[in-house]
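Trainee: Next comes target35.pdb, PDB, C-alpha atoms:
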```pdb
MODEL        1
ATOM      1  CA  MET A   1     121.294  70.208 114.396  1.00  0.00           C
ATOM      2  CA  PRO A   2     120.238  73.400 116.154  1.00  0.00           C
ATOM      3  CA  PHE A   3     117.187  75.072 114.611  1.00  0.00           C
ATOM      4  CA  ALA A   4     118.597  78.561 115.304  1.00  0.00           C
ATOM      5  CA  TYR A   5     122.204  77.747 114.388  1.00  0.00           C
ATOM      6  CA  ASN A   6     123.162  81.450 114.097  1.00  0.00           C
ATOM      7  CA  PHE A   7     121.897  82.365 117.562  1.00  0.00           C
ATOM      8  CA  LYS A   8     124.888  83.353 119.720  1.00  0.00           C
ATOM      9  CA  GLU A   9     124.311  84.275 123.343  1.00  0.00           C
ATOM     10  CA  ASP A  10     127.265  86.682 123.472  1.00  0.00           C
ATOM     11  CA  LYS A  11     125.971  88.528 120.379  1.00  0.00           C
ATOM     12  CA  HIS A  12     122.196  88.397 120.902  1.00  0.00           C
ATOM     13  CA  VAL A  13     121.494  88.248 124.654  1.00  0.00           C
ATOM     14  CA  LEU A  14     121.966  91.863 125.684  1.00  0.00           C
ATOM     15  CA  PRO A  15     120.092  94.544 127.603  1.00  0.00           C
ATOM     16  CA  ALA A  16     117.016  95.565 125.627  1.00  0.00           C
ATOM     17  CA  GLU A  17     114.940  97.864 127.795  1.00  0.00           C
ATOM     18  CA  PHE A  18     111.762  99.372 126.398  1.00  0.00           C
ATOM     19  CA  LYS A  19     112.338 102.627 124.525  1.00  0.00           C
ATOM     20  CA  GLN A  20     109.910 105.496 125.091  1.00  0.00           C
ATOM     21  CA  ASN A  21     107.715 106.609 122.185  1.00  0.00           C
ATOM     22  CA  ILE A  22     108.373 103.497 120.094  1.00  0.00           C
ATOM     23  CA  PRO A  23     105.330 101.258 119.538  1.00  0.00           C
ATOM     24  CA  LYS A  24     105.503  97.753 120.861  1.00  0.00           C
ATOM     25  CA  ARG A  25     104.993  94.781 118.569  1.00  0.00           C
ATOM     26  CA  PHE A  26     103.389  91.665 119.924  1.00  0.00           C
ATOM     27  CA  GLY A  27     103.801  88.154 118.549  1.00  0.00           C
ATOM     28  CA  GLN A  28     101.124  85.731 119.748  1.00  0.00           C
ATOM     29  CA  ASP A  29     101.366  81.944 119.660  1.00  0.00           C
ATOM     30  CA  PHE A  30      98.205  80.045 120.599  1.00  0.00           C
ATOM     31  CA  ASN A  31      99.889  76.778 121.623  1.00  0.00           C
ATOM     32  CA  VAL A  32      98.270  75.068 124.590  1.00  0.00           C
ATOM     33  CA  ASP A  33     101.413  74.620 126.690  1.00  0.00           C
ATOM     34  CA  PRO A  34     102.533  77.249 126.772  1.00  0.00           C
ATOM     35  CA  MET A  35     100.382  79.863 125.123  1.00  0.00           C
ATOM     36  CA  ALA A  36     103.023  82.509 124.517  1.00  0.00           C
ATOM     37  CA  ASN A  37     103.281  86.203 123.766  1.00  0.00           C
ATOM     38  CA  ILE A  38     106.500  88.040 123.031  1.00  0.00           C
ATOM     39  CA  CYS A  39     106.959  91.777 122.808  1.00  0.00           C
ATOM     40  CA  CYS A  40     109.594  93.614 120.819  1.00  0.00           C
ATOM     41  CA  GLN A  41     110.312  97.061 119.493  1.00  0.00           C
ATOM     42  CA  MET A  42     111.711  97.831 116.045  1.00  0.00           C
ATOM     43  CA  TRP A  43     112.973 101.209 114.924  1.00  0.00           C
ATOM     44  CA  PHE A  44     115.472 103.123 112.816  1.00  0.00           C
ATOM     45  CA  ASP A  45     117.715 105.874 114.146  1.00  0.00           C
ATOM     46  CA  LYS A  46     121.102 107.404 113.317  1.00  0.00           C
ATOM     47  CA  ASP A  47     122.768 104.108 114.341  1.00  0.00           C
ATOM     48  CA  GLY A  48     120.662 101.964 112.004  1.00  0.00           C
ATOM     49  CA  HIS A  49     117.862  99.446 112.449  1.00  0.00           C
ATOM     50  CA  HIS A  50     117.129  97.806 115.802  1.00  0.00           C
ATOM     51  CA  ILE A  51     114.991  94.834 116.852  1.00  0.00           C
ATOM     52  CA  TRP A  52     114.860  94.377 120.610  1.00  0.00           C
ATOM     53  CA  PHE A  53     112.835  91.610 122.258  1.00  0.00           C
ATOM     54  CA  ASN A  54     111.920  92.938 125.677  1.00  0.00           C
ATOM     55  CA  LYS A  55     109.326  90.740 127.354  1.00  0.00           C
ATOM     56  CA  GLU A  56     107.763  87.297 127.131  1.00  0.00           C
ATOM     57  CA  LEU A  57     104.580  86.000 128.715  1.00  0.00           C
ATOM     58  CA  GLU A  58     103.685  82.352 128.866  1.00  0.00           C
ATOM     59  CA  LEU A  59     100.578  80.687 130.243  1.00  0.00           C
ATOM     60  CA  TRP A  60     100.303  76.985 130.919  1.00  0.00           C
ATOM     61  CA  ASN A  61      97.017  75.126 130.485  1.00  0.00           C
ATOM     62  CA  SER A  62      95.175  78.347 129.791  1.00  0.00           C
ATOM     63  CA  GLY A  63      93.240  80.181 127.108  1.00  0.00           C
ATOM     64  CA  THR A  64      92.976  83.395 125.156  1.00  0.00           C
ATOM     65  CA  GLU A  65      90.783  85.168 127.699  1.00  0.00           C
ATOM     66  CA  GLU A  66      93.395  84.624 130.414  1.00  0.00           C
ATOM     67  CA  MET A  67      96.187  85.863 128.100  1.00  0.00           C
ATOM     68  CA  ILE A  68      94.177  89.039 127.459  1.00  0.00           C
ATOM     69  CA  LYS A  69      93.879  89.622 131.231  1.00  0.00           C
ATOM     70  CA  VAL A  70      97.625  89.065 131.723  1.00  0.00           C
ATOM     71  CA  LEU A  71      98.488  91.440 128.870  1.00  0.00           C
ATOM     72  CA  LYS A  72      96.259  94.136 130.361  1.00  0.00           C
ATOM     73  CA  THR A  73      98.077  93.851 133.690  1.00  0.00           C
ATOM     74  CA  ASN A  74     101.564  93.869 132.112  1.00  0.00           C
ATOM     75  CA  TYR A  75     101.213  96.798 129.705  1.00  0.00           C
ATOM     76  CA  SER A  76      99.713 100.258 129.890  1.00  0.00           C
ATOM     77  CA  GLN A  77      96.559 101.168 127.983  1.00  0.00           C
ATOM     78  CA  GLN A  78      98.689 103.454 125.805  1.00  0.00           C
ATOM     79  CA  ASP A  79     101.113 100.614 124.991  1.00  0.00           C
ATOM     80  CA  LEU A  80      98.223  98.353 124.004  1.00  0.00           C
ATOM     81  CA  ALA A  81      96.445 101.120 122.044  1.00  0.00           C
ATOM     82  CA  ASN A  82      99.531 101.745 119.872  1.00  0.00           C
ATOM     83  CA  ALA A  83     100.805  98.186 119.526  1.00  0.00           C
ATOM     84  CA  ILE A  84     101.071  96.216 116.300  1.00  0.00           C
ATOM     85  CA  TRP A  85     100.179  92.519 116.477  1.00  0.00           C
ATOM     86  CA  THR A  86     101.015  89.420 114.487  1.00  0.00           C
ATOM     87  CA  GLY A  87     101.352  85.733 115.157  1.00  0.00           C
ATOM     88  CA  ASP A  88      99.985  82.314 114.647  1.00  0.00           C
ATOM     89  CA  ALA A  89      97.578  81.886 111.720  1.00  0.00           C
ATOM     90  CA  THR A  90      96.167  78.624 113.064  1.00  0.00           C
ATOM     91  CA  SER A  91      93.836  80.357 115.515  1.00  0.00           C
ATOM     92  CA  ARG A  92      91.608  81.460 112.641  1.00  0.00           C
ATOM     93  CA  LYS A  93      89.803  78.134 113.044  1.00  0.00           C
ATOM     94  CA  ARG A  94      87.033  77.355 115.489  1.00  0.00           C
ATOM     95  CA  THR A  95      88.539  75.368 118.354  1.00  0.00           C
ATOM     96  CA  ALA A  96      87.362  73.243 121.251  1.00  0.00           C
ATOM     97  CA  GLU A  97      88.380  76.101 123.567  1.00  0.00           C
ATOM     98  CA  GLN A  98      85.675  78.348 122.128  1.00  0.00           C
ATOM     99  CA  THR A  99      83.011  75.622 122.240  1.00  0.00           C
ATOM    100  CA  VAL A 100      83.760  74.462 125.784  1.00  0.00           C
ATOM    101  CA  LYS A 101      84.160  77.923 127.297  1.00  0.00           C
ATOM    102  CA  GLY A 102      80.995  79.236 125.609  1.00  0.00           C
ATOM    103  CA  THR A 103      82.659  82.170 123.867  1.00  0.00           C
ATOM    104  CA  GLN A 104      80.233  82.222 120.919  1.00  0.00           C
ATOM    105  CA  HIS A 105      82.712  80.463 118.638  1.00  0.00           C
ATOM    106  CA  LEU A 106      84.915  83.528 118.270  1.00  0.00           C
ATOM    107  CA  THR A 107      88.434  82.821 117.083  1.00  0.00           C
ATOM    108  CA  SER A 108      91.230  83.826 119.404  1.00  0.00           C
ATOM    109  CA  TRP A 109      92.265  86.598 117.017  1.00  0.00           C
ATOM    110  CA  ILE A 110      88.770  88.098 117.103  1.00  0.00           C
ATOM    111  CA  LYS A 111      88.921  88.020 120.908  1.00  0.00           C
ATOM    112  CA  ILE A 112      92.276  89.853 120.918  1.00  0.00           C
ATOM    113  CA  ASP A 113      91.161  92.303 118.223  1.00  0.00           C
ATOM    114  CA  THR A 114      88.045  93.094 120.233  1.00  0.00           C
ATOM    115  CA  ALA A 115      89.895  93.383 123.566  1.00  0.00           C
ATOM    116  CA  PHE A 116      92.495  95.829 122.209  1.00  0.00           C
ATOM    117  CA  ASN A 117      90.565  97.453 119.327  1.00  0.00           C
ATOM    118  CA  LEU A 118      93.326  96.538 116.872  1.00  0.00           C
ATOM    119  CA  GLY A 119      91.731  96.947 113.459  1.00  0.00           C
ATOM    120  CA  LYS A 120      94.548  97.517 110.948  1.00  0.00           C
ATOM    121  CA  ARG A 121      97.173  97.065 113.662  1.00  0.00           C
ATOM    122  CA  LEU A 122      96.524  93.301 113.506  1.00  0.00           C
ATOM    123  CA  ASN A 123      98.556  91.594 110.774  1.00  0.00           C
ATOM    124  CA  THR A 124      98.292  87.814 110.707  1.00  0.00           C
ATOM    125  CA  PRO A 125      99.271  85.515 107.866  1.00  0.00           C
ATOM    126  CA  LYS A 126      96.567  83.537 106.049  1.00  0.00           C
ATOM    127  CA  ALA A 127      98.677  80.451 106.709  1.00  0.00           C
ATOM    128  CA  ASN A 128     101.738  79.813 108.824  1.00  0.00           C
ATOM    129  CA  PRO A 129     104.936  79.755 106.753  1.00  0.00           C
ATOM    130  CA  SER A 130     106.752  76.455 106.410  1.00  0.00           C
ATOM    131  CA  VAL A 131     109.139  75.577 109.209  1.00  0.00           C
ATOM    132  CA  ASP A 132     112.003  75.361 106.718  1.00  0.00           C
ATOM    133  CA  SER A 133     111.447  78.885 105.341  1.00  0.00           C
ATOM    134  CA  THR A 134     111.056  80.240 108.880  1.00  0.00           C
ATOM    135  CA  ARG A 135     114.342  78.618 109.857  1.00  0.00           C
ATOM    136  CA  GLU A 136     116.150  80.145 106.879  1.00  0.00           C
ATOM    137  CA  LEU A 137     114.758  83.631 107.571  1.00  0.00           C
ATOM    138  CA  LEU A 138     115.511  83.447 111.309  1.00  0.00           C
ATOM    139  CA  ASN A 139     119.094  82.340 110.784  1.00  0.00           C
ATOM    140  CA  THR A 140     119.728  84.925 108.062  1.00  0.00           C
ATOM    141  CA  MET A 141     118.479  87.674 110.368  1.00  0.00           C
ATOM    142  CA  LEU A 142     120.526  86.388 113.313  1.00  0.00           C
ATOM    143  CA  ALA A 143     123.654  86.262 111.152  1.00  0.00           C
ATOM    144  CA  LEU A 144     123.329  89.538 109.264  1.00  0.00           C
ATOM    145  CA  HIS A 145     121.192  91.987 111.216  1.00  0.00           C
ATOM    146  CA  PRO A 146     123.403  94.402 113.182  1.00  0.00           C
ATOM    147  CA  ASP A 147     121.185  94.760 116.281  1.00  0.00           C
ATOM    148  CA  ILE A 148     118.804  91.954 117.231  1.00  0.00           C
ATOM    149  CA  ARG A 149     118.694  91.657 121.006  1.00  0.00           C
ATOM    150  CA  PHE A 150     116.948  89.353 123.444  1.00  0.00           C
ATOM    151  CA  PHE A 151     116.744  90.755 126.965  1.00  0.00           C
ATOM    152  CA  PRO A 152     118.510  88.325 129.339  1.00  0.00           C
ATOM    153  CA  HIS A 153     115.354  87.551 131.367  1.00  0.00           C
ATOM    154  CA  LEU A 154     113.586  86.008 128.326  1.00  0.00           C
ATOM    155  CA  LYS A 155     114.119  82.539 129.767  1.00  0.00           C
ATOM    156  CA  TYR A 156     111.823  80.539 127.476  1.00  0.00           C
ATOM    157  CA  THR A 157     112.739  82.343 124.269  1.00  0.00           C
ATOM    158  CA  ILE A 158     116.478  82.002 124.886  1.00  0.00           C
ATOM    159  CA  ASN A 159     116.017  78.342 125.821  1.00  0.00           C
ATOM    160  CA  GLU A 160     114.101  77.693 122.579  1.00  0.00           C
ATOM    161  CA  LEU A 161     116.705  79.525 120.481  1.00  0.00           C
ATOM    162  CA  THR A 162     119.515  77.608 122.177  1.00  0.00           C
ATOM    163  CA  TYR A 163     118.125  74.076 122.423  1.00  0.00           C
ATOM    164  CA  THR A 164     115.470  73.514 119.744  1.00  0.00           C
ATOM    165  CA  GLU A 165     116.734  70.971 117.246  1.00  0.00           C
ATOM    166  CA  ALA A 166     115.872  70.342 113.610  1.00  0.00           C
ATOM    167  CA  THR A 167     115.753  67.221 111.502  1.00  0.00           C
ATOM    168  CA  GLY A 168     117.842  66.911 108.342  1.00  0.00           C
ATOM    169  CA  GLU A 169     114.771  68.145 106.433  1.00  0.00           C
ATOM    170  CA  GLY A 170     114.549  71.258 108.627  1.00  0.00           C
ATOM    171  CA  ASP A 171     111.498  70.290 110.700  1.00  0.00           C
ATOM    172  CA  ILE A 172     111.463  70.892 114.451  1.00  0.00           C
ATOM    173  CA  ILE A 173     112.095  67.886 116.675  1.00  0.00           C
ATOM    174  CA  LYS A 174     109.368  68.225 119.279  1.00  0.00           C
ATOM    175  CA  ASP A 175     110.369  65.409 121.673  1.00  0.00           C
ATOM    176  CA  ASN A 176     112.031  66.421 124.936  1.00  0.00           C
ATOM    177  CA  ARG A 177     112.043  70.142 124.143  1.00  0.00           C
ATOM    178  CA  LYS A 178     111.799  70.964 127.856  1.00  0.00           C
ATOM    179  CA  GLU A 179     115.129  69.270 128.488  1.00  0.00           C
ATOM    180  CA  GLU A 180     118.346  71.115 127.679  1.00  0.00           C
TER     181      GLU A 180
ENDMDL
END
```
Take the structure in the file and write it out as structure tokens.
Mentor:
Amino acid sequence: MPFAYNFKEDKHVLPAEFKQNIPKRFGQDFNVDPMANICCQMWFDKDGHHIWFNKELELWNSGTEEMIKVLKTNYSQQDLANAIWTGDATSRKRTAEQTVKGTQHLTSWIKIDTAFNLGKRLNTPKANPSVDSTRELLNTMLALHPDIRFFPHLKYTINELTYTEATGEGDIIKDNRKEE
């Protein structure tokens, strides 16, 4: 049972270059392996609404400080100054990473907010939505939205959309997710 059963490579994996003058939106996941960041742009024009996923960054066995450094080398100061951020709610908690690395017990979101001066451009949920509701929303968008694109070089994202499986209850099967 594919988790993203409405994901179709021929419909969704298309060129999605960055568009000038459209703010980037970053989605941050604080998993350990990998810690991931995905960038997209969303906009309306005469042709309708567009959601284009342009770039993914993944760090293995790393932390928030390293992700901040990688983001700063991959995007311009202007991109980062205008970007809107969202992501994983679970990093609101104090973690072993902050204790071990001596970062004054700051949550990862506070570190990112401070690094990029986000303020109101940071929108994180108070709690992560249930996997089942996320699955329903994702598949509805993939089926009905006229222009959701994933740039072909988004190797990990496309692999997850293609191969992640769900149980009969809608939960993600986490065993062997690295294997096709």
Trainee: Excluding His49 (chain A) and its own-chain neighbours fewer than 6 positions away, which residues fall within 12 Å of it when counting only C-alpha atoms? Please give them as a PyMOL selection string.
Mentor: chain A and resi 41-43+141+144-149
Trainee: Take the selection from the previous step and output its residues with C-alpha atoms, as a PDB file, keeping the file's coordinate frame.
Mentor:
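Written file, result-v1.pdb:
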```pdb
ATOM      1  CA  GLN A  41     110.312  97.061 119.493  1.00  0.00           C
ATOM      2  CA  MET A  42     111.711  97.831 116.045  1.00  0.00           C
ATOM      3  CA  TRP A  43     112.973 101.209 114.924  1.00  0.00           C
ATOM      4  CA  MET A 141     118.479  87.674 110.368  1.00  0.00           C
ATOM      5  CA  LEU A 144     123.329  89.538 109.264  1.00  0.00           C
ATOM      6  CA  HIS A 145     121.192  91.987 111.216  1.00  0.00           C
ATOM      7  CA  PRO A 146     123.403  94.402 113.182  1.00  0.00           C
ATOM      8  CA  ASP A 147     121.185  94.760 116.281  1.00  0.00           C
ATOM      9  CA  ILE A 148     118.804  91.954 117.231  1.00  0.00           C
ATOM     10  CA  ARG A 149     118.694  91.657 121.006  1.00  0.00           C
TER      11      ARG A 149
END
```
Trainee: Which neighbours of Ala166 (chain A) fall inside 9 Å, counting all atoms listed in the file, when residues of the same chain fewer than 5 positions from it are skipped, and could you give them as a PyMOL selection string?
Mentor: chain A and resi 1-4+171-174
Trainee: Go ahead and save the residues from that selection, with C-alpha atoms, as an mmCIF file, keeping the file's coordinate frame.
Mentor:
```
data_model
loop_
_atom_site.group_PDB
_atom_site.id
_atom_site.type_symbol
_atom_site.label_atom_id
_atom_site.label_comp_id
_atom_site.auth_asym_id
_atom_site.auth_seq_id
_atom_site.Cartn_x
_atom_site.Cartn_y
_atom_site.Cartn_z
ATOM 1 C CA MET A 1 121.294 70.208 114.396
ATOM 2 C CA PRO A 2 120.238 73.400 116.154
ATOM 3 C CA PHE A 3 117.187 75.072 114.611
ATOM 4 C CA ALA A 4 118.597 78.561 115.304
ATOM 5 C CA ASP A 171 111.498 70.290 110.700
ATOM 6 C CA ILE A 172 111.463 70.892 114.451
ATOM 7 C CA ILE A 173 112.095 67.886 116.675
ATOM 8 C CA LYS A 174 109.368 68.225 119.279
#
```
Trainee: Calculate how many Å separate CA of Phe150 (chain A) from CA of Pro15 (chain A), rounding to one decimal.
Mentor: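 These two atoms are separated by 7.4 Å.
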Trainee: What is the distance, in Å and to one decimal place, between CA of Lys69 (chain A) and CA of Leu154 (chain A)?
Mentor: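 Interatomic distance, CA of Lys69 (chain A) to CA of Leu154 (chain A): 20.2 Å.
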Trainee: Could you write out as an NGL selection string the residues that the PyMOL selection byres ((chain A and resi 7) around 12) matches in the shown file?
Mentor: :A and (2-6 or 8-13 or 135 or 138-145 or 148-150 or 157-164)
Trainee: Include C-alpha atoms and write out the residues we just selected as a short mmCIF file (atom, residue, chain, number, x, y, z; two decimals), in the coordinates of the input.
Mentor:
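The resulting file, out-v3.cif, is reproduced below:
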```cif
data_model
loop_
_atom_site.label_atom_id
_atom_site.label_comp_id
_atom_site.auth_asym_id
_atom_site.auth_seq_id
_atom_site.Cartn_x
_atom_site.Cartn_y
_atom_site.Cartn_z
CA PRO A 2 120.24 73.40 116.15
CA PHE A 3 117.19 75.07 114.61
CA ALA A 4 118.60 78.56 115.30
CA TYR A 5 122.20 77.75 114.39
CA ASN A 6 123.16 81.45 114.10
CA LYS A 8 124.89 83.35 119.72
CA GLU A 9 124.31 84.28 123.34
CA ASP A 10 127.26 86.68 123.47
CA LYS A 11 125.97 88.53 120.38
CA HIS A 12 122.20 88.40 120.90
CA VAL A 13 121.49 88.25 124.65
CA ARG A 135 114.34 78.62 109.86
CA LEU A 138 115.51 83.45 111.31
CA ASN A 139 119.09 82.34 110.78
CA THR A 140 119.73 84.92 108.06
CA MET A 141 118.48 87.67 110.37
CA LEU A 142 120.53 86.39 113.31
CA ALA A 143 123.65 86.26 111.15
CA LEU A 144 123.33 89.54 109.26
CA HIS A 145 121.19 91.99 111.22
CA ILE A 148 118.80 91.95 117.23
CA ARG A 149 118.69 91.66 121.01
CA PHE A 150 116.95 89.35 123.44
CA THR A 157 112.74 82.34 124.27
CA ILE A 158 116.48 82.00 124.89
CA ASN A 159 116.02 78.34 125.82
CA GLU A 160 114.10 77.69 122.58
CA LEU A 161 116.70 79.53 120.48
CA THR A 162 119.52 77.61 122.18
CA TYR A 163 118.12 74.08 122.42
CA THR A 164 115.47 73.51 119.74
#
```
Trainee: Please write the residues picked by the PyMOL selection byres ((chain A and resi 62-64) around 9) on this file as a list in words.
Mentor: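 Matching residues under the PyMOL selection byres ((chain A and resi 62-64) around 9) are Phe30, Val32, Asp33, Pro34, Met35, Leu59, Trp60, Asn61, Glu65, Glu66, Met67, Ile68, Lys69, Glu97, Ser108, Trp109, Lys111 and Ile112 of chain A.
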Trainee: Got a sec: who's within 12 Å of Lys55 (chain A), counting all atoms listed in the file, leaving out chain neighbours fewer than 3 positions off, as a ChimeraX atom specification?
Mentor: /A:15-18,24-27,36-41,52,58,71,74-75,149-158
